[in-house]
Amino acid sequence: MKTKAAWLGMAFGAALIAAGCGGTKTVGTPAGADVSATALAAVLEAPEKYDGQTVVLKGVLEAQCAALCEFTYSEGGRSVTVYTPDPKPPRIKGGQPVRVTATVHRGEEQVILTAKGLELLPRKGA
């Protein structure tokens with residue numbers, strides 16, 4: 001009887017985790033829902049303002065490298081590479097709407113973003 005109750009409890013817990021709050025899957029440590037998104041264009045046009053800061057971006061994951069160590073994020077016709085420090089990030093199909101929490105690093109010739117958290121948002125029509 002205890003075994004059956006334990007299995008039911010684990011199944012219920014797994015279902016809650018799979019369902020997530022609002023159907024959003026998260027990876028890492030994304031910023032809270034109360035944190036508003038910063039436009040990618042603003043970060044790219046004034047990287048010195050955001051250097052070392054954590055920002056939230058809301059757009060589309062366009063592609064992911066074969067080793068899963070980085071992905072191309074796009075928003076409003078602009079794109080940037082986002083690196084993932086997670087040793088085992090999930091494989092994500094291109095075209096996935098995402099909300100990315102990332103640290104901005106102003107490089108010599110480009111802006112570098114390192115993901116702290118990622119939320120996979122529902123696809124349109126899903």
# chains A, B, ... in the order shown; residues from 1 in each chain; ligands from 1
$ select_by_dssp --residues "region 7-99 of chain A" --states "alpha helix (DSSP H)" --output "ChimeraX atom specification"
/A:7-19,40-45,47-50
$ write_last_selection --atoms "N, CA and C atoms" --output "tab-separated table (two decimals), in the first residue's frame"
chain	number	residue	atom	x	y	z
A	7	TRP	N	4.34	5.70	-5.41
A	7	TRP	CA	4.35	5.80	-6.87
A	7	TRP	C	3.34	6.84	-7.36
A	8	LEU	N	2.17	6.88	-6.77
A	8	LEU	CA	1.18	7.88	-7.16
A	8	LEU	C	1.68	9.29	-6.86
A	9	GLY	N	2.32	9.46	-5.71
A	9	GLY	CA	2.88	10.76	-5.35
A	9	GLY	C	3.95	11.20	-6.33
A	10	MET	N	4.84	10.26	-6.70
A	10	MET	CA	5.90	10.59	-7.67
A	10	MET	C	5.32	10.90	-9.04
A	11	ALA	N	4.31	10.13	-9.45
A	11	ALA	CA	3.68	10.37	-10.75
A	11	ALA	C	3.01	11.75	-10.76
A	12	PHE	N	2.34	12.10	-9.68
A	12	PHE	CA	1.68	13.41	-9.59
A	12	PHE	C	2.72	14.52	-9.63
A	13	GLY	N	3.81	14.35	-8.87
A	13	GLY	CA	4.87	15.36	-8.87
A	13	GLY	C	5.50	15.52	-10.25
A	14	ALA	N	5.73	14.40	-10.92
A	14	ALA	CA	6.30	14.46	-12.28
A	14	ALA	C	5.35	15.16	-13.23
A	15	ALA	N	4.06	14.92	-13.09
A	15	ALA	CA	3.06	15.57	-13.95
A	15	ALA	C	3.06	17.07	-13.71
A	16	LEU	N	3.18	17.48	-12.46
A	16	LEU	CA	3.22	18.91	-12.16
A	16	LEU	C	4.46	19.56	-12.76
A	17	ILE	N	5.58	18.88	-12.64
A	17	ILE	CA	6.82	19.42	-13.20
A	17	ILE	C	6.72	19.49	-14.72
A	18	ALA	N	6.20	18.45	-15.34
A	18	ALA	CA	6.06	18.43	-16.80
A	18	ALA	C	5.11	19.51	-17.28
A	19	ALA	N	4.04	19.72	-16.55
A	19	ALA	CA	3.06	20.73	-16.94
A	19	ALA	C	3.62	22.12	-16.74
A	40	LEU	N	16.54	43.72	-27.59
A	40	LEU	CA	17.88	43.34	-28.05
A	40	LEU	C	18.54	44.52	-28.74
A	41	ALA	N	17.80	45.29	-29.51
A	41	ALA	CA	18.36	46.46	-30.21
A	41	ALA	C	19.00	47.43	-29.22
A	42	ALA	N	18.37	47.63	-28.07
A	42	ALA	CA	18.92	48.54	-27.05
A	42	ALA	C	20.26	48.03	-26.55
A	43	VAL	N	20.37	46.74	-26.33
A	43	VAL	CA	21.62	46.14	-25.85
A	43	VAL	C	22.71	46.27	-26.91
A	44	LEU	N	22.37	45.99	-28.16
A	44	LEU	CA	23.36	46.04	-29.24
A	44	LEU	C	23.80	47.46	-29.58
A	45	GLU	N	22.90	48.43	-29.40
A	45	GLU	CA	23.22	49.81	-29.73
A	45	GLU	C	23.98	50.53	-28.62
A	47	PRO	N	26.03	48.77	-25.81
A	47	PRO	CA	26.52	47.68	-24.98
A	47	PRO	C	27.24	48.14	-23.71
A	48	GLU	N	27.85	49.32	-23.76
A	48	GLU	CA	28.55	49.82	-22.57
A	48	GLU	C	27.57	50.07	-21.42
A	49	LYS	N	26.33	50.41	-21.73
A	49	LYS	CA	25.31	50.64	-20.71
A	49	LYS	C	24.92	49.34	-20.00
A	50	TYR	N	24.99	48.22	-20.72
A	50	TYR	CA	24.55	46.94	-20.19
A	50	TYR	C	25.69	46.01	-19.79
$ residues_around --residues "His105 (chain A)" --least-positions-apart "6" --cutoff "12 Å" --atoms "only C-alpha atoms" --output "ChimeraX atom specification"
/A:43-44,46-55,81-83,111-115
$ atom_distance --atom1 "CA of Tyr73 (chain A)" --atom2 "CA of Pro97 (chain A)"
9.5 Å
$ closest_atom_pairs --of "region 74-99 of chain A" --to "region 25-31 of chain A" --cutoff "9 Å" --atoms "only C-alpha atoms" --output "Markdown table"
| residue | atom | partner | partner_atom | distance |
| --- | --- | --- | --- | --- |
| A:Asp86 | CA | A:Gly28 | CA | 7.4 |
| A:Pro89 | CA | A:Val27 | CA | 7.7 |
| A:Pro90 | CA | A:Val27 | CA | 8.2 |
| A:Arg99 | CA | A:Pro30 | CA | 8.1 |
$ write_last_selection --atoms "C-alpha atoms" --output "PDB file, in the first residue's frame"
ATOM      1  CA  ASP A  86      24.942  24.552 -18.579  1.00  0.00           C
ATOM      2  CA  PRO A  89      21.569  21.916 -22.035  1.00  0.00           C
ATOM      3  CA  PRO A  90      18.546  20.452 -23.803  1.00  0.00           C
ATOM      4  CA  ARG A  99      12.567  34.336 -22.760  1.00  0.00           C
TER       5      ARG A  99
END
$ closest_residue --among "A:Ser36, A:Gln96, A:Thr24, A:Thr103" --to "Gly59 (chain A)" --atoms "only C-alpha atoms"
A:Gln96
$ residues_around --residues "Lys58 (chain A)" --least-positions-apart "6" --cutoff "8 Å" --atoms "only C-alpha atoms" --output "ChimeraX atom specification"
/A:37-39,75,97-100
$ write_last_selection --atoms "N, CA and C atoms" --output "compact mmCIF listing (two decimals), in the first residue's frame"
# COMPACT_ATOMS: atom_id res chain seq x y z
N ALA A 37 11.20 42.63 -20.15
CA ALA A 37 12.22 42.36 -21.16
C ALA A 37 12.86 43.65 -21.66
N THR A 38 14.13 43.55 -21.98
CA THR A 38 14.88 44.64 -22.61
C THR A 38 14.97 44.31 -24.09
N ALA A 39 14.84 45.31 -24.94
CA ALA A 39 14.94 45.07 -26.38
C ALA A 39 16.38 44.74 -26.76
N GLU A 75 15.43 38.75 -32.52
CA GLU A 75 14.33 39.59 -32.07
C GLU A 75 14.32 40.84 -32.94
N PRO A 97 9.95 30.07 -29.48
CA PRO A 97 9.87 31.32 -28.71
C PRO A 97 10.50 31.12 -27.33
N VAL A 98 11.31 32.09 -26.91
CA VAL A 98 12.02 31.97 -25.64
C VAL A 98 12.05 33.30 -24.90
N ARG A 99 12.28 33.19 -23.62
CA ARG A 99 12.57 34.34 -22.76
C ARG A 99 13.90 33.98 -22.12
N VAL A 100 14.93 34.77 -22.43
CA VAL A 100 16.29 34.47 -22.00
C VAL A 100 16.74 35.45 -20.93
$ closest_residue --among "A:Val80, A:Val35, A:Glu109, A:Pro85" --to "Leu68 (chain A)" --atoms "only C-alpha atoms"
A:Pro85
$ select_by_dssp --residues "chain A" --states "strand (DSSP E)" --output "PDB file with N, CA and C atoms, in the first residue's frame"
ATOM      1  N   LYS A  25       8.431  25.723 -19.961  1.00  0.00           N
ATOM      2  CA  LYS A  25       9.532  24.891 -19.474  1.00  0.00           C
ATOM      3  C   LYS A  25      10.723  25.800 -19.227  1.00  0.00           C
ATOM      4  N   THR A  26      11.425  25.604 -18.123  1.00  0.00           N
ATOM      5  CA  THR A  26      12.573  26.441 -17.814  1.00  0.00           C
ATOM      6  C   THR A  26      13.850  25.619 -17.732  1.00  0.00           C
ATOM      7  N   VAL A  27      14.955  26.285 -18.022  1.00  0.00           N
ATOM      8  CA  VAL A  27      16.289  25.708 -17.932  1.00  0.00           C
ATOM      9  C   VAL A  27      17.137  26.733 -17.193  1.00  0.00           C
ATOM     10  N   GLY A  28      17.940  26.291 -16.247  1.00  0.00           N
ATOM     11  CA  GLY A  28      18.766  27.225 -15.494  1.00  0.00           C
ATOM     12  C   GLY A  28      17.937  28.030 -14.517  1.00  0.00           C
ATOM     13  N   THR A  54      22.636  41.909 -15.995  1.00  0.00           N
ATOM     14  CA  THR A  54      21.761  40.811 -16.396  1.00  0.00           C
ATOM     15  C   THR A  54      20.518  41.417 -17.016  1.00  0.00           C
ATOM     16  N   VAL A  55      20.164  40.930 -18.197  1.00  0.00           N
ATOM     17  CA  VAL A  55      18.974  41.410 -18.902  1.00  0.00           C
ATOM     18  C   VAL A  55      18.063  40.236 -19.228  1.00  0.00           C
ATOM     19  N   VAL A  56      16.832  40.556 -19.518  1.00  0.00           N
ATOM     20  CA  VAL A  56      15.866  39.565 -19.977  1.00  0.00           C
ATOM     21  C   VAL A  56      15.491  39.941 -21.399  1.00  0.00           C
ATOM     22  N   LEU A  57      15.562  38.978 -22.300  1.00  0.00           N
ATOM     23  CA  LEU A  57      15.208  39.174 -23.706  1.00  0.00           C
ATOM     24  C   LEU A  57      14.053  38.239 -24.048  1.00  0.00           C
ATOM     25  N   LYS A  58      13.165  38.685 -24.896  1.00  0.00           N
ATOM     26  CA  LYS A  58      12.043  37.840 -25.300  1.00  0.00           C
ATOM     27  C   LYS A  58      11.984  37.837 -26.820  1.00  0.00           C
ATOM     28  N   GLY A  59      12.248  36.653 -27.409  1.00  0.00           N
ATOM     29  CA  GLY A  59      12.291  36.531 -28.853  1.00  0.00           C
ATOM     30  C   GLY A  59      12.241  35.078 -29.276  1.00  0.00           C
ATOM     31  N   VAL A  60      13.098  34.722 -30.247  1.00  0.00           N
ATOM     32  CA  VAL A  60      13.059  33.378 -30.832  1.00  0.00           C
ATOM     33  C   VAL A  60      14.452  32.762 -30.864  1.00  0.00           C
ATOM     34  N   LEU A  61      14.541  31.504 -30.448  1.00  0.00           N
ATOM     35  CA  LEU A  61      15.767  30.732 -30.591  1.00  0.00           C
ATOM     36  C   LEU A  61      15.735  30.200 -32.024  1.00  0.00           C
ATOM     37  N   GLU A  62      16.643  30.691 -32.853  1.00  0.00           N
ATOM     38  CA  GLU A  62      16.631  30.329 -34.283  1.00  0.00           C
ATOM     39  C   GLU A  62      17.387  29.044 -34.584  1.00  0.00           C
ATOM     40  N   ALA A  63      18.521  28.859 -33.925  1.00  0.00           N
ATOM     41  CA  ALA A  63      19.358  27.684 -34.190  1.00  0.00           C
ATOM     42  C   ALA A  63      20.217  27.400 -32.979  1.00  0.00           C
ATOM     43  N   GLN A  64      20.680  26.161 -32.892  1.00  0.00           N
ATOM     44  CA  GLN A  64      21.520  25.739 -31.777  1.00  0.00           C
ATOM     45  C   GLN A  64      22.702  24.973 -32.353  1.00  0.00           C
ATOM     46  N   GLU A  70      25.796  26.783 -27.537  1.00  0.00           N
ATOM     47  CA  GLU A  70      25.361  28.132 -27.868  1.00  0.00           C
ATOM     48  C   GLU A  70      24.150  28.063 -28.779  1.00  0.00           C
ATOM     49  N   PHE A  71      23.452  29.186 -28.845  1.00  0.00           N
ATOM     50  CA  PHE A  71      22.326  29.262 -29.766  1.00  0.00           C
ATOM     51  C   PHE A  71      22.211  30.669 -30.332  1.00  0.00           C
ATOM     52  N   THR A  72      21.539  30.777 -31.468  1.00  0.00           N
ATOM     53  CA  THR A  72      21.288  32.059 -32.095  1.00  0.00           C
ATOM     54  C   THR A  72      19.916  32.541 -31.658  1.00  0.00           C
ATOM     55  N   TYR A  73      19.897  33.707 -31.050  1.00  0.00           N
ATOM     56  CA  TYR A  73      18.672  34.326 -30.564  1.00  0.00           C
ATOM     57  C   TYR A  73      18.348  35.478 -31.495  1.00  0.00           C
ATOM     58  N   SER A  74      17.079  35.634 -31.873  1.00  0.00           N
ATOM     59  CA  SER A  74      16.709  36.761 -32.725  1.00  0.00           C
ATOM     60  C   SER A  74      15.474  37.466 -32.180  1.00  0.00           C
ATOM     61  N   GLU A  75      15.434  38.746 -32.515  1.00  0.00           N
ATOM     62  CA  GLU A  75      14.335  39.595 -32.065  1.00  0.00           C
ATOM     63  C   GLU A  75      14.315  40.841 -32.944  1.00  0.00           C
ATOM     64  N   ARG A  78      17.091  41.454 -35.577  1.00  0.00           N
ATOM     65  CA  ARG A  78      18.478  41.435 -35.112  1.00  0.00           C
ATOM     66  C   ARG A  78      18.742  40.085 -34.465  1.00  0.00           C
ATOM     67  N   SER A  79      19.991  39.659 -34.471  1.00  0.00           N
ATOM     68  CA  SER A  79      20.315  38.375 -33.835  1.00  0.00           C
ATOM     69  C   SER A  79      21.666  38.460 -33.134  1.00  0.00           C
ATOM     70  N   VAL A  80      21.854  37.525 -32.199  1.00  0.00           N
ATOM     71  CA  VAL A  80      23.074  37.475 -31.406  1.00  0.00           C
ATOM     72  C   VAL A  80      23.286  36.029 -30.968  1.00  0.00           C
ATOM     73  N   THR A  81      24.549  35.676 -30.721  1.00  0.00           N
ATOM     74  CA  THR A  81      24.864  34.354 -30.196  1.00  0.00           C
ATOM     75  C   THR A  81      24.794  34.411 -28.678  1.00  0.00           C
ATOM     76  N   VAL A  82      24.127  33.419 -28.094  1.00  0.00           N
ATOM     77  CA  VAL A  82      24.024  33.313 -26.639  1.00  0.00           C
ATOM     78  C   VAL A  82      24.716  32.011 -26.234  1.00  0.00           C
ATOM     79  N   TYR A  83      25.666  32.129 -25.325  1.00  0.00           N
ATOM     80  CA  TYR A  83      26.403  30.955 -24.843  1.00  0.00           C
ATOM     81  C   TYR A  83      25.702  30.388 -23.614  1.00  0.00           C
ATOM     82  N   GLN A  96      11.817  28.279 -31.810  1.00  0.00           N
ATOM     83  CA  GLN A  96      11.198  28.189 -30.489  1.00  0.00           C
ATOM     84  C   GLN A  96      11.143  29.566 -29.829  1.00  0.00           C
ATOM     85  N   PRO A  97       9.951  30.067 -29.478  1.00  0.00           N
ATOM     86  CA  PRO A  97       9.866  31.320 -28.715  1.00  0.00           C
ATOM     87  C   PRO A  97      10.499  31.117 -27.331  1.00  0.00           C
ATOM     88  N   VAL A  98      11.308  32.087 -26.908  1.00  0.00           N
ATOM     89  CA  VAL A  98      12.019  31.968 -25.640  1.00  0.00           C
ATOM     90  C   VAL A  98      12.046  33.299 -24.897  1.00  0.00           C
ATOM     91  N   ARG A  99      12.277  33.192 -23.623  1.00  0.00           N
ATOM     92  CA  ARG A  99      12.567  34.336 -22.760  1.00  0.00           C
ATOM     93  C   ARG A  99      13.900  33.984 -22.124  1.00  0.00           C
ATOM     94  N   VAL A 100      14.928  34.766 -22.426  1.00  0.00           N
ATOM     95  CA  VAL A 100      16.292  34.465 -21.999  1.00  0.00           C
ATOM     96  C   VAL A 100      16.744  35.454 -20.928  1.00  0.00           C
ATOM     97  N   THR A 101      17.278  34.935 -19.846  1.00  0.00           N
ATOM     98  CA  THR A 101      17.922  35.762 -18.830  1.00  0.00           C
ATOM     99  C   THR A 101      19.414  35.590 -19.063  1.00  0.00           C
ATOM    100  N   ALA A 102      20.112  36.682 -19.369  1.00  0.00           N
ATOM    101  CA  ALA A 102      21.524  36.568 -19.737  1.00  0.00           C
ATOM    102  C   ALA A 102      22.342  37.733 -19.206  1.00  0.00           C
ATOM    103  N   THR A 103      23.630  37.470 -19.022  1.00  0.00           N
ATOM    104  CA  THR A 103      24.574  38.512 -18.640  1.00  0.00           C
ATOM    105  C   THR A 103      25.213  39.048 -19.915  1.00  0.00           C
ATOM    106  N   VAL A 104      25.310  40.358 -20.007  1.00  0.00           N
ATOM    107  CA  VAL A 104      25.870  41.035 -21.184  1.00  0.00           C
ATOM    108  C   VAL A 104      27.351  41.305 -20.946  1.00  0.00           C
ATOM    109  N   HIS A 105      28.155  40.999 -21.966  1.00  0.00           N
ATOM    110  CA  HIS A 105      29.592  41.275 -21.925  1.00  0.00           C
ATOM    111  C   HIS A 105      29.937  42.052 -23.191  1.00  0.00           C
ATOM    112  N   ARG A 106      30.444  43.250 -23.022  1.00  0.00           N
ATOM    113  CA  ARG A 106      30.836  44.051 -24.180  1.00  0.00           C
ATOM    114  C   ARG A 106      32.213  43.597 -24.623  1.00  0.00           C
ATOM    115  N   VAL A 111      28.950  41.991 -29.009  1.00  0.00           N
ATOM    116  CA  VAL A 111      28.342  41.804 -27.700  1.00  0.00           C
ATOM    117  C   VAL A 111      28.221  40.305 -27.458  1.00  0.00           C
ATOM    118  N   ILE A 112      28.609  39.865 -26.275  1.00  0.00           N
ATOM    119  CA  ILE A 112      28.545  38.456 -25.922  1.00  0.00           C
ATOM    120  C   ILE A 112      27.523  38.296 -24.801  1.00  0.00           C
ATOM    121  N   LEU A 113      26.624  37.342 -24.954  1.00  0.00           N
ATOM    122  CA  LEU A 113      25.622  37.064 -23.936  1.00  0.00           C
ATOM    123  C   LEU A 113      25.834  35.663 -23.386  1.00  0.00           C
ATOM    124  N   THR A 114      25.769  35.543 -22.062  1.00  0.00           N
ATOM    125  CA  THR A 114      25.869  34.243 -21.410  1.00  0.00           C
ATOM    126  C   THR A 114      24.556  33.987 -20.687  1.00  0.00           C
ATOM    127  N   ALA A 115      23.878  32.922 -21.081  1.00  0.00           N
ATOM    128  CA  ALA A 115      22.564  32.612 -20.507  1.00  0.00           C
ATOM    129  C   ALA A 115      22.685  32.173 -19.058  1.00  0.00           C
ATOM    130  N   LYS A 116      21.782  32.688 -18.237  1.00  0.00           N
ATOM    131  CA  LYS A 116      21.654  32.248 -16.849  1.00  0.00           C
ATOM    132  C   LYS A 116      20.405  31.383 -16.714  1.00  0.00           C
ATOM    133  N   GLY A 117      19.435  31.692 -17.553  1.00  0.00           N
ATOM    134  CA  GLY A 117      18.175  30.960 -17.522  1.00  0.00           C
ATOM    135  C   GLY A 117      17.450  31.118 -18.839  1.00  0.00           C
ATOM    136  N   LEU A 118      16.618  30.151 -19.134  1.00  0.00           N
ATOM    137  CA  LEU A 118      15.900  30.116 -20.401  1.00  0.00           C
ATOM    138  C   LEU A 118      14.503  29.574 -20.153  1.00  0.00           C
ATOM    139  N   GLU A 119      13.533  30.262 -20.681  1.00  0.00           N
ATOM    140  CA  GLU A 119      12.146  29.787 -20.602  1.00  0.00           C
ATOM    141  C   GLU A 119      11.685  29.491 -22.016  1.00  0.00           C
ATOM    142  N   LEU A 120      11.203  28.282 -22.242  1.00  0.00           N
ATOM    143  CA  LEU A 120      10.646  27.921 -23.535  1.00  0.00           C
ATOM    144  C   LEU A 120       9.176  28.302 -23.489  1.00  0.00           C
TER     145      LEU A 120
END
$ atom_distance --atom1 "CA of Cys65 (chain A)" --atom2 "CA of Gly95 (chain A)"
14.0 Å
$ atom_distance --atom1 "CA of Gly77 (chain A)" --atom2 "CA of Gly94 (chain A)"
15.5 Å
$ decode --residues "region 54-106 of chain A" --atoms "C-alpha atoms" --output "short mmCIF file (atom, residue, chain, number, x, y, z; two decimals), in the first residue's frame"
data_model
loop_
_atom_site.label_atom_id
_atom_site.label_comp_id
_atom_site.auth_asym_id
_atom_site.auth_seq_id
_atom_site.Cartn_x
_atom_site.Cartn_y
_atom_site.Cartn_z
CA THR A 54 21.76 40.81 -16.40
CA VAL A 55 18.97 41.41 -18.90
CA VAL A 56 15.87 39.56 -19.98
CA LEU A 57 15.21 39.17 -23.71
CA LYS A 58 12.04 37.84 -25.30
CA GLY A 59 12.29 36.53 -28.85
CA VAL A 60 13.06 33.38 -30.83
CA LEU A 61 15.77 30.73 -30.59
CA GLU A 62 16.63 30.33 -34.28
CA ALA A 63 19.36 27.68 -34.19
CA GLN A 64 21.52 25.74 -31.78
CA CYS A 65 25.07 24.49 -32.34
CA ALA A 66 25.60 20.73 -32.59
CA ALA A 67 27.42 20.63 -29.23
CA LEU A 68 24.46 22.54 -27.65
CA CYS A 69 26.90 25.10 -26.18
CA GLU A 70 25.36 28.13 -27.87
CA PHE A 71 22.33 29.26 -29.77
CA THR A 72 21.29 32.06 -32.10
CA TYR A 73 18.67 34.33 -30.56
CA SER A 74 16.71 36.76 -32.72
CA GLU A 75 14.33 39.59 -32.07
CA GLY A 76 13.04 42.35 -34.32
CA GLY A 77 15.30 41.46 -37.25
CA ARG A 78 18.48 41.44 -35.11
CA SER A 79 20.32 38.37 -33.84
CA VAL A 80 23.07 37.47 -31.41
CA THR A 81 24.86 34.35 -30.20
CA VAL A 82 24.02 33.31 -26.64
CA TYR A 83 26.40 30.96 -24.84
CA THR A 84 25.08 28.41 -22.37
CA PRO A 85 27.27 27.47 -19.40
CA ASP A 86 24.94 24.55 -18.58
CA PRO A 87 26.98 21.34 -19.01
CA LYS A 88 23.91 19.46 -20.31
CA PRO A 89 21.57 21.92 -22.03
CA PRO A 90 18.55 20.45 -23.80
CA ARG A 91 18.30 20.22 -27.58
CA ILE A 92 15.80 22.85 -28.73
CA LYS A 93 14.28 23.09 -32.21
CA GLY A 94 14.78 26.29 -34.16
CA GLY A 95 11.88 28.71 -34.20
CA GLN A 96 11.20 28.19 -30.49
CA PRO A 97 9.87 31.32 -28.71
CA VAL A 98 12.02 31.97 -25.64
CA ARG A 99 12.57 34.34 -22.76
CA VAL A 100 16.29 34.47 -22.00
CA THR A 101 17.92 35.76 -18.83
CA ALA A 102 21.52 36.57 -19.74
CA THR A 103 24.57 38.51 -18.64
CA VAL A 104 25.87 41.04 -21.18
CA HIS A 105 29.59 41.28 -21.93
CA ARG A 106 30.84 44.05 -24.18
#
